[in-house]
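Content type mmCIF, C-alpha atoms, from the file entry-v6.cif:
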```cif
data_coords
#
loop_
_atom_site.label_atom_id
_atom_site.label_comp_id
_atom_site.auth_asym_id
_atom_site.auth_seq_id
_atom_site.Cartn_x
_atom_site.Cartn_y
_atom_site.Cartn_z
CA MET A 92 -1.73 -24.74 -14.51
CA SER A 93 -1.78 -28.42 -13.50
CA GLU A 94 -4.79 -30.36 -12.28
CA THR A 95 -3.21 -30.33 -8.81
CA ASP A 96 -2.96 -26.55 -8.86
CA ARG A 97 -6.53 -26.17 -10.04
CA SER A 98 -7.68 -28.43 -7.19
CA ARG A 99 -6.10 -26.34 -4.44
CA GLY A 100 -9.12 -24.09 -4.11
CA VAL A 101 -11.42 -27.10 -3.95
CA ASP A 102 -9.19 -28.77 -1.34
CA THR A 103 -9.41 -25.57 0.69
CA LEU A 104 -13.22 -25.66 0.59
CA LEU A 105 -13.33 -29.30 1.66
CA GLY A 106 -10.63 -29.03 4.36
CA ASP A 107 -10.53 -27.37 7.80
CA PRO A 108 -13.31 -24.73 7.82
CA LYS A 109 -11.38 -22.27 10.01
CA SER A 110 -8.39 -22.38 7.70
CA ALA A 111 -10.67 -22.13 4.67
CA ILE A 112 -12.38 -19.00 5.98
CA ARG A 113 -9.04 -17.34 6.75
CA ARG A 114 -7.50 -18.26 3.41
CA LEU A 115 -10.51 -17.19 1.38
CA SER A 116 -11.48 -14.10 3.34
CA ILE A 117 -8.14 -12.33 3.78
CA PRO A 118 -7.49 -11.73 0.05
CA MET A 119 -11.15 -10.76 -0.36
CA ILE A 120 -10.94 -8.27 2.51
CA ILE A 121 -7.99 -6.62 0.78
CA ALA A 122 -9.68 -6.62 -2.63
CA MET A 123 -13.07 -5.47 -1.37
CA SER A 124 -11.41 -2.77 0.70
CA LEU A 125 -9.81 -1.49 -2.47
CA GLN A 126 -13.16 -1.78 -4.22
CA THR A 127 -14.79 0.36 -1.54
CA ALA A 128 -11.81 2.71 -1.56
CA TYR A 129 -12.72 3.76 -5.07
CA ASN A 130 -16.11 4.84 -3.67
CA LEU A 131 -14.30 6.96 -1.12
CA PHE A 132 -11.97 8.47 -3.72
CA ASP A 133 -14.98 9.01 -5.94
CA ALA A 134 -16.58 11.06 -3.16
CA ILE A 135 -13.33 12.91 -2.46
CA TRP A 136 -12.98 13.98 -6.10
CA VAL A 137 -16.69 14.74 -6.50
CA SER A 138 -16.62 16.88 -3.34
CA GLY A 139 -14.38 19.26 -5.27
CA LEU A 140 -17.40 19.96 -7.49
CA GLY A 141 -19.43 21.12 -4.47
CA SER A 142 -22.11 19.83 -2.08
CA ASP A 143 -24.73 19.66 -4.89
CA ALA A 144 -22.56 17.15 -6.74
CA LEU A 145 -22.18 15.08 -3.55
CA ALA A 146 -25.95 15.17 -3.08
CA ALA A 147 -26.50 14.15 -6.73
CA VAL A 148 -24.29 11.08 -6.26
CA GLY A 149 -26.21 10.42 -3.05
CA PHE A 150 -29.51 10.32 -4.93
CA ALA A 151 -28.02 8.00 -7.56
CA PHE A 152 -26.43 5.70 -4.97
CA PRO A 153 -29.57 3.64 -4.09
CA ILE A 154 -30.13 2.81 -7.77
CA PHE A 155 -26.45 2.00 -8.28
CA PHE A 156 -26.83 -0.21 -5.20
CA VAL A 157 -29.73 -2.03 -6.88
CA ILE A 158 -27.55 -2.77 -9.93
CA MET A 159 -24.70 -3.97 -7.74
CA GLY A 160 -27.15 -5.92 -5.62
CA ILE A 161 -28.73 -7.82 -8.49
CA GLY A 162 -25.27 -8.67 -9.82
CA ALA A 163 -24.07 -9.69 -6.36
CA GLY A 164 -27.23 -11.72 -5.82
CA ILE A 165 -26.82 -13.71 -9.03
CA GLY A 166 -23.14 -14.14 -8.17
CA ILE A 167 -23.98 -15.42 -4.68
CA GLY A 168 -26.53 -17.81 -6.16
CA GLY A 169 -24.00 -19.13 -8.67
CA SER A 170 -21.21 -19.31 -6.12
CA SER A 171 -23.37 -21.17 -3.61
CA ALA A 172 -24.63 -23.65 -6.22
CA ILE A 173 -21.12 -24.26 -7.55
CA ALA A 174 -19.76 -24.86 -4.04
CA ARG A 175 -22.57 -27.31 -3.22
CA ARG A 176 -21.94 -29.21 -6.49
CA ILE A 177 -18.22 -29.37 -5.63
CA GLY A 178 -19.07 -30.62 -2.14
CA ALA A 179 -21.17 -33.34 -3.78
CA ARG A 180 -18.28 -34.10 -6.24
CA ASP A 181 -20.40 -33.07 -9.27
CA THR A 182 -17.92 -31.16 -11.48
CA ALA A 183 -20.06 -31.35 -14.62
CA GLY A 184 -22.98 -29.93 -12.69
CA ALA A 185 -20.81 -27.06 -11.47
CA ALA A 186 -19.94 -26.22 -15.10
CA ARG A 187 -23.63 -26.10 -16.02
CA VAL A 188 -24.27 -23.75 -13.11
CA LEU A 189 -21.51 -21.41 -14.33
CA SER A 190 -22.87 -21.09 -17.88
CA HIS A 191 -26.41 -20.49 -16.66
CA THR A 192 -25.21 -17.89 -14.17
CA LEU A 193 -23.46 -15.95 -16.94
CA VAL A 194 -26.50 -15.98 -19.22
CA LEU A 195 -28.80 -14.85 -16.40
CA THR A 196 -26.42 -11.97 -15.66
CA ILE A 197 -26.39 -10.70 -19.24
CA LEU A 198 -30.18 -10.88 -19.57
CA ALA A 199 -30.77 -9.07 -16.28
CA SER A 200 -28.22 -6.34 -17.03
CA VAL A 201 -29.69 -5.53 -20.44
CA VAL A 202 -33.18 -5.12 -19.00
CA LEU A 203 -31.89 -2.95 -16.15
CA SER A 204 -29.85 -0.72 -18.46
CA VAL A 205 -32.74 0.06 -20.78
CA VAL A 206 -35.34 0.68 -18.07
CA LEU A 207 -33.16 2.80 -15.78
CA PHE A 208 -31.61 4.86 -18.59
CA VAL A 209 -35.03 5.83 -19.94
CA LEU A 210 -36.60 6.55 -16.55
CA ALA A 211 -33.58 8.15 -14.84
CA GLU A 212 -34.83 11.74 -14.72
CA ASP A 213 -38.34 10.74 -13.60
CA ILE A 214 -36.87 8.56 -10.85
CA PHE A 215 -34.76 11.38 -9.43
CA ILE A 216 -37.66 13.82 -9.58
CA ALA A 217 -39.80 11.32 -7.67
CA MET A 218 -37.02 10.95 -5.09
CA GLY A 219 -37.13 14.69 -4.40
CA ALA A 220 -33.76 15.58 -5.93
CA GLY A 221 -35.09 19.04 -6.83
CA ASP A 222 -32.40 21.37 -8.12
CA VAL A 223 -29.79 18.58 -8.28
CA THR A 224 -31.94 16.43 -10.62
CA PRO A 225 -29.91 17.40 -13.75
CA LEU A 226 -26.64 16.46 -12.05
CA ALA A 227 -28.07 13.19 -10.71
CA THR A 228 -29.43 12.32 -14.17
CA GLU A 229 -26.13 13.14 -15.87
CA TYR A 230 -24.27 10.85 -13.47
CA GLY A 231 -26.93 8.15 -13.32
CA ARG A 232 -27.48 7.57 -17.02
CA VAL A 233 -23.83 6.74 -17.60
CA VAL A 234 -23.79 4.25 -14.73
CA PHE A 235 -27.13 2.73 -15.73
CA GLY A 236 -26.02 2.33 -19.34
CA GLY A 237 -22.95 0.41 -18.14
CA ALA A 238 -24.87 -1.99 -15.89
CA VAL A 239 -23.60 -5.04 -17.79
CA THR A 240 -19.97 -4.27 -16.92
CA ILE A 241 -20.79 -3.71 -13.26
CA MET A 242 -22.79 -6.91 -12.93
CA LEU A 243 -20.43 -9.15 -14.91
CA ALA A 244 -17.45 -8.16 -12.76
CA SER A 245 -19.40 -8.92 -9.60
CA VAL A 246 -20.79 -12.25 -10.82
CA LEU A 247 -17.62 -13.69 -12.36
CA SER A 248 -15.50 -12.82 -9.33
CA ALA A 249 -18.12 -14.58 -7.16
CA THR A 250 -18.11 -17.75 -9.26
CA LEU A 251 -14.32 -17.92 -8.94
CA ARG A 252 -14.77 -17.81 -5.16
CA GLY A 253 -17.36 -20.56 -5.50
CA GLU A 254 -14.59 -22.93 -6.59
CA GLY A 255 -12.29 -21.68 -3.84
CA ASP A 256 -10.15 -19.39 -6.02
CA ALA A 257 -10.29 -16.31 -3.78
CA ARG A 258 -6.80 -15.19 -4.78
CA ARG A 259 -7.60 -14.46 -8.41
CA SER A 260 -11.07 -13.23 -7.57
CA SER A 261 -9.49 -10.66 -5.27
CA ILE A 262 -6.84 -9.70 -7.84
CA TYR A 263 -9.41 -8.83 -10.48
CA LEU A 264 -11.62 -6.93 -8.04
CA ALA A 265 -8.54 -4.99 -6.97
CA LEU A 266 -7.71 -4.29 -10.62
CA GLY A 267 -11.07 -2.62 -11.19
CA SER A 268 -10.76 -0.56 -8.01
CA VAL A 269 -7.27 0.71 -8.78
CA LEU A 270 -8.29 1.61 -12.33
CA ASN A 271 -11.28 3.54 -11.01
CA ILE A 272 -9.13 5.48 -8.54
CA ILE A 273 -6.69 6.38 -11.34
CA LEU A 274 -9.38 7.30 -13.87
CA ASP A 275 -11.51 9.47 -11.54
CA PRO A 276 -9.38 12.64 -11.52
CA ILE A 277 -8.47 12.17 -15.19
CA PHE A 278 -12.10 12.01 -16.32
CA ILE A 279 -13.55 14.52 -13.82
CA TYR A 280 -10.90 17.24 -14.05
CA GLY A 281 -8.34 16.30 -16.72
CA LEU A 282 -10.98 15.78 -19.41
CA ASP A 283 -13.29 18.35 -17.78
CA MET A 284 -16.23 15.93 -17.75
CA GLY A 285 -17.42 16.92 -14.29
CA ILE A 286 -19.78 14.57 -12.48
CA ALA A 287 -20.26 12.46 -15.62
CA GLY A 288 -16.52 11.76 -15.53
CA ALA A 289 -16.90 9.98 -12.19
CA ALA A 290 -19.55 7.75 -13.73
CA TRP A 291 -17.47 7.02 -16.84
CA ALA A 292 -14.47 6.10 -14.66
CA THR A 293 -16.63 3.52 -12.89
CA VAL A 294 -18.03 2.00 -16.09
CA VAL A 295 -14.66 1.82 -17.86
CA ALA A 296 -12.94 0.26 -14.82
CA PHE A 297 -15.66 -2.38 -14.40
CA GLY A 298 -15.59 -3.02 -18.15
CA ILE A 299 -11.88 -3.82 -18.16
CA THR A 300 -12.32 -6.05 -15.10
CA SER A 301 -15.20 -7.93 -16.74
CA LEU A 302 -13.17 -8.58 -19.90
CA ALA A 303 -10.24 -9.86 -17.84
CA LEU A 304 -12.48 -12.25 -15.89
CA LEU A 305 -14.17 -13.48 -19.05
CA HIS A 306 -10.73 -14.20 -20.53
CA VAL A 307 -9.90 -16.39 -17.51
CA TYR A 308 -12.91 -18.59 -18.16
CA LEU A 309 -12.82 -18.53 -21.95
CA ALA A 310 -9.16 -19.55 -21.96
CA GLY A 311 -10.34 -22.60 -20.02
CA LYS A 312 -6.87 -23.71 -18.89
CA ASP A 313 -6.61 -22.77 -15.23
CA THR A 314 -10.07 -22.94 -13.68
CA PHE A 315 -11.51 -25.98 -11.95
CA VAL A 316 -15.00 -25.23 -13.26
CA ARG A 317 -15.21 -24.88 -17.05
CA LEU A 318 -17.26 -22.31 -18.95
CA GLU A 319 -18.90 -24.37 -21.71
CA LEU A 320 -21.17 -21.95 -23.58
CA ARG A 321 -21.12 -24.07 -26.76
CA GLN A 322 -22.82 -26.86 -24.86
CA TYR A 323 -25.24 -24.51 -23.13
CA THR A 324 -28.91 -25.50 -23.18
CA TRP A 325 -31.53 -23.69 -21.13
CA SER A 326 -32.37 -25.70 -18.01
CA LYS A 327 -35.17 -24.71 -15.66
CA ASN A 328 -33.69 -26.84 -12.90
CA VAL A 329 -30.25 -25.20 -13.06
CA ASN A 330 -31.73 -21.72 -13.28
CA ARG A 331 -33.99 -22.55 -10.35
CA GLU A 332 -30.98 -23.71 -8.32
CA VAL A 333 -29.08 -20.47 -8.99
CA LEU A 334 -32.10 -18.25 -8.41
CA ALA A 335 -33.19 -20.12 -5.27
CA VAL A 336 -30.34 -18.27 -3.57
CA GLY A 337 -29.62 -15.54 -6.14
CA ALA A 338 -33.13 -14.07 -6.36
CA PRO A 339 -33.58 -13.72 -2.58
CA ALA A 340 -30.04 -12.33 -2.33
CA SER A 341 -30.84 -9.77 -5.03
CA LEU A 342 -34.06 -8.92 -3.24
CA GLN A 343 -32.01 -8.44 -0.08
CA TYR A 344 -30.03 -5.74 -1.86
CA ALA A 345 -33.21 -4.34 -3.38
CA SER A 346 -34.81 -4.12 0.05
CA MET A 347 -31.74 -2.29 1.31
CA ALA A 348 -31.99 0.06 -1.66
CA LEU A 349 -35.66 0.61 -0.83
CA THR A 350 -34.55 1.57 2.65
CA GLN A 351 -32.12 4.05 1.08
CA PHE A 352 -35.01 5.67 -0.79
CA VAL A 353 -37.11 5.87 2.38
CA LEU A 354 -34.20 7.17 4.44
CA ILE A 355 -33.57 9.93 1.92
CA ALA A 356 -37.27 10.85 2.18
CA LEU A 357 -37.04 10.89 5.99
CA ILE A 358 -33.85 12.97 5.84
CA LEU A 359 -35.58 15.51 3.61
CA MET A 360 -38.43 15.67 6.16
CA VAL A 361 -36.05 16.86 8.89
CA ASP A 362 -33.27 18.51 6.85
CA ASP A 363 -32.38 19.59 3.28
CA THR A 364 -30.12 18.15 0.59
CA ASP A 365 -27.11 18.73 2.87
CA GLY A 366 -28.51 15.92 5.00
CA VAL A 367 -28.50 13.67 1.94
CA ALA A 368 -24.88 14.65 1.24
CA ILE A 369 -23.91 13.85 4.86
CA TYR A 370 -25.66 10.48 4.70
CA SER A 371 -24.30 9.41 1.30
CA THR A 372 -20.76 10.51 2.11
CA GLY A 373 -20.72 9.15 5.66
CA TRP A 374 -22.17 5.86 4.51
CA ARG A 375 -19.28 5.45 2.10
CA VAL A 376 -16.90 5.67 5.05
CA VAL A 377 -18.93 3.16 7.06
CA SER A 378 -19.14 0.87 4.01
CA MET A 379 -15.35 0.97 3.77
CA ALA A 380 -15.23 -0.42 7.30
CA ILE A 381 -18.03 -2.96 6.85
CA VAL A 382 -16.42 -4.27 3.67
CA ALA A 383 -13.88 -6.11 5.82
CA ILE A 384 -16.75 -8.12 7.29
CA GLN A 385 -18.20 -8.54 3.80
CA GLY A 386 -14.88 -10.07 2.81
CA VAL A 387 -15.37 -12.69 5.50
CA ALA A 388 -18.97 -13.21 4.32
CA SER A 389 -17.75 -13.85 0.77
CA ALA A 390 -15.72 -16.75 2.18
CA VAL A 391 -18.52 -18.05 4.39
CA THR A 392 -20.92 -18.74 1.50
CA PRO A 393 -18.71 -21.22 -0.44
CA VAL A 394 -17.25 -22.80 2.73
CA THR A 395 -20.66 -23.44 4.29
CA GLY A 396 -22.00 -24.44 0.87
CA ALA A 397 -19.35 -27.13 0.53
CA ALA A 398 -20.00 -28.35 4.09
CA PHE A 399 -23.74 -28.46 3.42
CA GLY A 400 -23.22 -30.30 0.12
CA ALA A 401 -21.08 -32.87 1.94
CA ARG A 402 -23.66 -33.09 4.80
CA SER A 403 -20.91 -32.26 7.31
CA TRP A 404 -22.91 -30.51 10.04
CA ASP A 405 -19.96 -30.12 12.43
CA LYS A 406 -18.02 -28.22 9.76
CA LEU A 407 -21.08 -26.14 9.02
CA SER A 408 -21.44 -25.13 12.66
CA THR A 409 -17.73 -24.47 13.09
CA SER A 410 -17.65 -22.32 9.95
CA HIS A 411 -20.50 -20.13 11.19
CA LEU A 412 -19.20 -19.59 14.73
CA TYR A 413 -15.60 -19.02 13.68
CA ALA A 414 -16.64 -16.52 11.01
CA VAL A 415 -18.69 -14.52 13.52
CA ARG A 416 -15.80 -14.42 16.02
CA PHE A 417 -13.44 -13.37 13.23
CA GLY A 418 -15.86 -10.65 12.14
CA LEU A 419 -16.36 -9.37 15.69
CA GLY A 420 -12.62 -8.97 16.14
CA ILE A 421 -12.35 -6.98 12.91
CA GLY A 422 -15.38 -4.89 13.85
CA GLY A 423 -13.97 -3.99 17.26
CA VAL A 424 -10.74 -2.68 15.75
CA LEU A 425 -12.63 -0.64 13.16
CA LEU A 426 -14.92 0.85 15.81
CA LEU A 427 -11.95 2.24 17.72
CA PHE A 428 -10.26 3.55 14.59
CA LEU A 429 -13.29 5.39 13.22
CA PHE A 430 -14.32 6.85 16.56
CA ILE A 431 -10.84 8.22 17.27
CA PHE A 432 -9.97 9.40 13.77
CA ALA A 433 -13.40 10.59 12.58
CA PRO A 434 -12.24 14.25 12.24
CA GLN A 435 -9.23 13.29 10.15
CA VAL A 436 -11.33 11.04 7.90
CA THR A 437 -13.98 13.76 7.49
CA THR A 438 -11.37 16.28 6.35
CA LEU A 439 -10.88 14.22 3.19
CA PHE A 440 -14.49 14.87 2.14
CA THR A 441 -14.82 18.52 3.14
CA TRP A 442 -11.71 20.02 1.56
CA SER A 443 -13.52 22.30 -0.87
CA ALA A 444 -15.07 25.64 0.11
CA ASP A 445 -18.52 24.39 -0.92
CA SER A 446 -18.42 21.33 1.35
CA LYS A 447 -16.63 22.57 4.49
CA HIS A 448 -19.92 23.35 6.23
CA LEU A 449 -20.67 19.59 6.38
CA PHE A 450 -17.65 18.85 8.60
CA ASP A 451 -19.18 18.77 12.12
CA ASP A 452 -22.29 16.81 11.13
CA LEU A 453 -20.21 14.30 9.19
CA VAL A 454 -17.94 13.66 12.20
CA VAL A 455 -21.02 12.94 14.33
CA PHE A 456 -22.39 10.56 11.68
CA ILE A 457 -19.15 8.54 11.50
CA ARG A 458 -18.81 8.26 15.30
CA ILE A 459 -22.39 7.07 15.76
CA PHE A 460 -22.14 4.44 13.03
CA ALA A 461 -18.78 3.19 14.31
CA PHE A 462 -20.68 1.48 17.15
CA MET A 463 -22.81 -0.44 14.65
CA ILE A 464 -19.92 -2.18 12.89
CA PRO A 465 -19.15 -5.04 15.37
CA GLY A 466 -22.85 -5.90 15.63
CA VAL A 467 -23.14 -6.19 11.85
CA ALA A 468 -20.90 -9.28 11.98
CA PHE A 469 -23.64 -11.35 13.62
CA GLY A 470 -26.19 -10.65 10.91
CA MET A 471 -24.05 -10.44 7.78
CA LEU A 472 -22.13 -13.66 8.45
CA SER A 473 -25.28 -15.50 9.50
CA SER A 474 -27.06 -14.45 6.29
CA ALA A 475 -24.05 -15.68 4.31
CA THR A 476 -24.38 -19.02 6.09
CA PHE A 477 -28.04 -19.29 5.08
CA GLN A 478 -27.00 -18.52 1.49
CA GLY A 479 -24.32 -21.20 1.59
CA MET A 480 -26.91 -23.73 2.74
CA GLY A 481 -29.16 -22.77 -0.17
CA MET A 482 -31.69 -21.15 2.21
CA GLY A 483 -31.77 -17.82 0.44
CA VAL A 484 -35.37 -17.07 1.44
CA ARG A 485 -34.39 -17.10 5.12
CA ALA A 486 -31.58 -14.65 4.44
CA LEU A 487 -34.09 -12.47 2.57
CA ILE A 488 -36.58 -12.54 5.44
CA ALA A 489 -33.84 -11.50 7.85
CA THR A 490 -32.84 -8.59 5.61
CA ILE A 491 -36.40 -7.38 5.09
CA PHE A 492 -36.95 -7.48 8.85
CA ARG A 493 -33.83 -5.38 9.35
CA ALA A 494 -33.80 -3.05 6.37
CA VAL A 495 -37.47 -2.50 5.64
CA ILE A 496 -39.23 -2.97 8.97
CA LEU A 497 -36.95 -2.17 11.90
CA SER A 498 -34.77 0.44 10.15
CA VAL A 499 -37.65 2.49 8.77
CA LEU A 500 -39.66 2.17 11.98
CA PHE A 501 -36.82 3.20 14.29
CA CYS A 502 -35.68 6.05 12.03
CA TYR A 503 -39.19 7.43 11.68
CA ILE A 504 -39.94 7.28 15.40
CA LEU A 505 -36.62 8.73 16.58
CA GLY A 506 -36.03 11.16 13.75
CA VAL A 507 -39.51 12.45 12.89
CA VAL A 508 -42.03 11.56 15.62
CA LEU A 509 -39.79 12.29 18.61
CA GLY A 510 -38.12 15.18 16.78
CA PHE A 511 -34.46 14.18 17.16
CA GLY A 512 -33.85 15.00 13.49
CA LEU A 513 -30.78 13.64 11.75
CA ILE A 514 -29.30 12.29 15.01
CA GLY A 515 -32.48 10.29 15.59
CA ILE A 516 -32.29 8.80 12.08
CA TRP A 517 -28.64 7.83 12.53
CA VAL A 518 -29.27 6.22 15.95
CA GLY A 519 -32.40 4.47 14.69
CA LEU A 520 -30.58 2.93 11.75
CA CYS A 521 -27.72 1.68 13.93
CA SER A 522 -30.06 0.20 16.56
CA ALA A 523 -32.12 -1.63 13.95
CA ASN A 524 -28.99 -3.18 12.41
CA VAL A 525 -27.62 -4.48 15.71
CA ILE A 526 -30.91 -5.88 17.05
CA SER A 527 -31.81 -7.67 13.80
CA SER A 528 -28.27 -9.06 13.48
CA LEU A 529 -28.54 -10.79 16.84
CA ILE A 530 -31.91 -12.26 15.87
CA VAL A 531 -30.67 -13.77 12.59
CA PHE A 532 -27.60 -15.18 14.38
CA ALA A 533 -29.90 -17.05 16.77
CA TRP A 534 -32.00 -18.28 13.83
CA VAL A 535 -28.95 -19.81 12.11
CA ARG A 536 -27.83 -21.55 15.32
CA ILE A 537 -31.29 -23.11 15.72
CA THR A 538 -31.32 -24.19 12.04
CA ILE A 539 -27.92 -25.88 12.24
CA ARG A 540 -28.85 -27.62 15.48
CA ARG A 541 -32.00 -29.02 13.88
CA LEU A 542 -30.08 -30.21 10.82
CA SER A 543 -27.54 -32.04 12.94
CA THR A 544 -30.21 -33.88 14.94
CA THR A 545 -32.79 -34.67 12.25
CA VAL A 546 -30.88 -35.26 8.97
#
```

Render the structure in this file as structure tokens.
Amino acid sequence: MSETDRSRGVDTLLGDPKSAIRRLSIPMIIAMSLQTAYNLFDAIWVSGLGSDALAAVGFAFPIFFVIMGIGAGIGIGGSSAIARRIGARDTAGAARVLSHTLVLTILASVVLSVVLFVLAEDIFIAMGAGDVTPLATEYGRVVFGGAVTIMLASVLSATLRGEGDARRSSIYLALGSVLNIILDPIFIYGLDMGIAGAAWATVVAFGITSLALLHVYLAGKDTFVRLELRQYTWSKNVNREVLAVGAPASLQYASMALTQFVLIALILMVDDTDGVAIYSTGWRVVSMAIVAIQGVASAVTPVTGAAFGARSWDKLSTSHLYAVRFGLGIGGVLLLFLFIFAPQVTTLFTWSADSKHLFDDLVVFIRIFAFMIPGVAFGMLSSATFQGMGMGVRALIATIFRAVILSVLFCYILGVVLGFGLIGIWVGLCSANVISSLIVFAWVRITIRRLSTTV
């Protein structure tokens, strides 16, 4: 690939922000939709093992989310730092950021794997998994042991986006998703591995994706930012730059995982493990819808990072507002689709005799959460803007306010105190997401206005 070709992604970042967001987000929406689709297919195949298996995956999901979140957080930190260096025309600095991001990922994944593998059973017992603890442990230990593959795939695809190469980033994410979808039935039923087969399919698919992404960088011929591990020397300043956004972003995911733990506890206060199965399965459907907005967010971080690095406040403002309008349009379409076709979607997850009794409650869950999706655009795309500007702590504060404070408070009051049960928890969670999203949107607008008048 020529120098001109390698520069196209960078030119996109530094050009018209509306065009940049469209060009970077559309391939990511497709790829991330496929990535979430494997979660849906995972649930479809696991549902054939019965409601206990679905519940077991539900108990493991918050911890899996922590692993994904830490990887995504480091990736966001690296992507944001790379984009800002590109905006400031510091290519050598961008290469240093890349190598440090990779090393941080490997160190974090090794620690996570060891700790979670050893403590898996105790964690699920503490979560109240009860009779499904053995199934949850069987599934969880495989996923926890493969944390390095999960995190590397997430981080390296993010750093590619940081230099504006959304096309290849999306291709490799799609590769992992398609492989997972193919491997699920083979491992679960063909090899008779049961619930562990679903976990192995995930680890193997992410492993292949990670190797493919590493090859892109190690080949060193067609990326704008070079991976120069031979010249790597530990730098506190570079690590601090990555973690200034990456650590708060990881903590955002961790706080959301904490909310998952608390929600499961609240669900068990008003229902049994069927409630956990409804929540974990329904949330996969909602996540499939929200991932379209996440695709836009993945474009917002590098675009706003480049604008911030270049001190172009008009582009920064335009990027934020256009992204939110784009996300609202997507959210509106998805709301209508899920509300109308909730019964048809639910059928996919209740096809076995052991899971049919979840049908009605799952339809209700999907229809309630459909109304949350447009509102999510305000918060998610505003947090991505904070991350692009290197203000990761502000994005973290916004997430903690939403996920830890408002969500838990609303769910507890409506679901437990007022006695509305599962419906109260679902409505409380949706309300908290929408209200907090509007607040963080206003916070970003005020921040950009102050930057444009004082810097």

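Here atom CA of A:Arg540 and atom CA of A:Ser410 stand 13.6 Å from one another.
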
### Query
Do you have the atom CA of A:Phe430-atom CA of A:Asp451 distance handy?
13.6 Å

Neighbouring residues of A:Leu334 were defined as those with any atom within 10 Å, considering all atoms listed in the file; residues of the same chain fewer than 4 positions away were excluded. Please report them as a short mmCIF file (atom, residue, chain, number, x, y, z; two decimals) with C-alpha atoms, in the frame of the given file.
```cif
data_model
loop_
_atom_site.label_atom_id
_atom_site.label_comp_id
_atom_site.auth_asym_id
_atom_site.auth_seq_id
_atom_site.Cartn_x
_atom_site.Cartn_y
_atom_site.Cartn_z
CA GLY A 164 -27.23 -11.72 -5.82
CA ILE A 165 -26.82 -13.71 -9.03
CA GLY A 166 -23.14 -14.14 -8.17
CA ILE A 167 -23.98 -15.42 -4.68
CA GLY A 168 -26.53 -17.81 -6.16
CA GLY A 169 -24.00 -19.13 -8.67
CA ALA A 172 -24.63 -23.65 -6.22
CA THR A 192 -25.21 -17.89 -14.17
CA LEU A 195 -28.80 -14.85 -16.40
CA ASN A 328 -33.69 -26.84 -12.90
CA VAL A 329 -30.25 -25.20 -13.06
CA ASN A 330 -31.73 -21.72 -13.28
CA ALA A 338 -33.13 -14.07 -6.36
CA PRO A 339 -33.58 -13.72 -2.58
CA ALA A 340 -30.04 -12.33 -2.33
CA SER A 341 -30.84 -9.77 -5.03
CA GLY A 481 -29.16 -22.77 -0.17
CA GLY A 483 -31.77 -17.82 0.44
#
```

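Residues in contact range of A:Ala475, defined as at most 10 Å between all atoms listed in the file, with sequence neighbours fewer than 4 positions away removed, read Ile167, Ser171, Ala340, Gln385, Val387, Ala388, Ser389, Ala390, Val391, Thr392, Pro393, Val394, Thr395, Gly396, His411, Gly470, Met471, Gly479, Met480, Gly481, Met482, Gly483 and Ala486 of chain A.
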
### Exercise: stretch 236-240 of chain A partners within 12 Å, all atoms listed in the file, chain neighbours under 2 positions left out, as number ranges by chain
A: 154-162, 193-211, 228-234, 242-247, 267, 290-305

Near A:Arg402, within 10 Å and counting only C-alpha atoms, which residues show up once chain neighbours fewer than 3 positions away are dropped, as a tab-separated table (two decimals) with C-alpha atoms, in the coordinates of the input?
```tsv
chain	number	residue	atom	x	y	z
A	175	ARG	CA	-22.57	-27.31	-3.22
A	178	GLY	CA	-19.07	-30.62	-2.14
A	179	ALA	CA	-21.17	-33.34	-3.78
A	396	GLY	CA	-22.00	-24.44	0.87
A	397	ALA	CA	-19.35	-27.13	0.53
A	398	ALA	CA	-20.00	-28.35	4.09
A	399	PHE	CA	-23.74	-28.46	3.42
A	405	ASP	CA	-19.96	-30.12	12.43
A	406	LYS	CA	-18.02	-28.22	9.76
A	407	LEU	CA	-21.08	-26.14	9.02
A	542	LEU	CA	-30.08	-30.21	10.82
A	543	SER	CA	-27.54	-32.04	12.94
A	546	VAL	CA	-30.88	-35.26	8.97
```

### Task
Expand the PyMOL selection byres ((chain A and resi 492-494) around 12) into the individual residues it matches in the shown file, reporting them as a ChimeraX atom specification.
/A:342-354,467,470-471,474,485-491,495-502,519-531

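Straight-line separation from atom CA of A:Leu266 to atom CA of A:Ile384: 20.4 Å.
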
### Task
Write out as a PyMOL selection string which residues come within 12 Å of stretch 452-456 of chain A when counting all atoms listed in the file, dropping same-chain ones fewer than 3 positions away.
chain A and resi 362+365-377+429-441+446-449+459-463+512-518+520-521

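Checking A:Leu426, A:Val188, A:Ile214, A:Val508 one by one against A:Ala151, counting all atoms listed in the file, you find the shortest gap at A:Ile214.
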
Hits from the PyMOL selection byres ((chain A and resi 114) around 10), listed as a CSV table (one decimal) with C-alpha atoms, in the frame of the given file:
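Just written: out.csv:
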```
chain,number,residue,atom,x,y,z
A,100,GLY,CA,-9.1,-24.1,-4.1
A,103,THR,CA,-9.4,-25.6,0.7
A,104,LEU,CA,-13.2,-25.7,0.6
A,108,PRO,CA,-13.3,-24.7,7.8
A,109,LYS,CA,-11.4,-22.3,10.0
A,110,SER,CA,-8.4,-22.4,7.7
A,111,ALA,CA,-10.7,-22.1,4.7
A,112,ILE,CA,-12.4,-19.0,6.0
A,113,ARG,CA,-9.0,-17.3,6.8
A,115,LEU,CA,-10.5,-17.2,1.4
A,116,SER,CA,-11.5,-14.1,3.3
A,117,ILE,CA,-8.1,-12.3,3.8
A,118,PRO,CA,-7.5,-11.7,0.0
A,119,MET,CA,-11.2,-10.8,-0.4
A,255,GLY,CA,-12.3,-21.7,-3.8
A,256,ASP,CA,-10.2,-19.4,-6.0
A,257,ALA,CA,-10.3,-16.3,-3.8
A,258,ARG,CA,-6.8,-15.2,-4.8
A,387,VAL,CA,-15.4,-12.7,5.5
A,390,ALA,CA,-15.7,-16.8,2.2
```
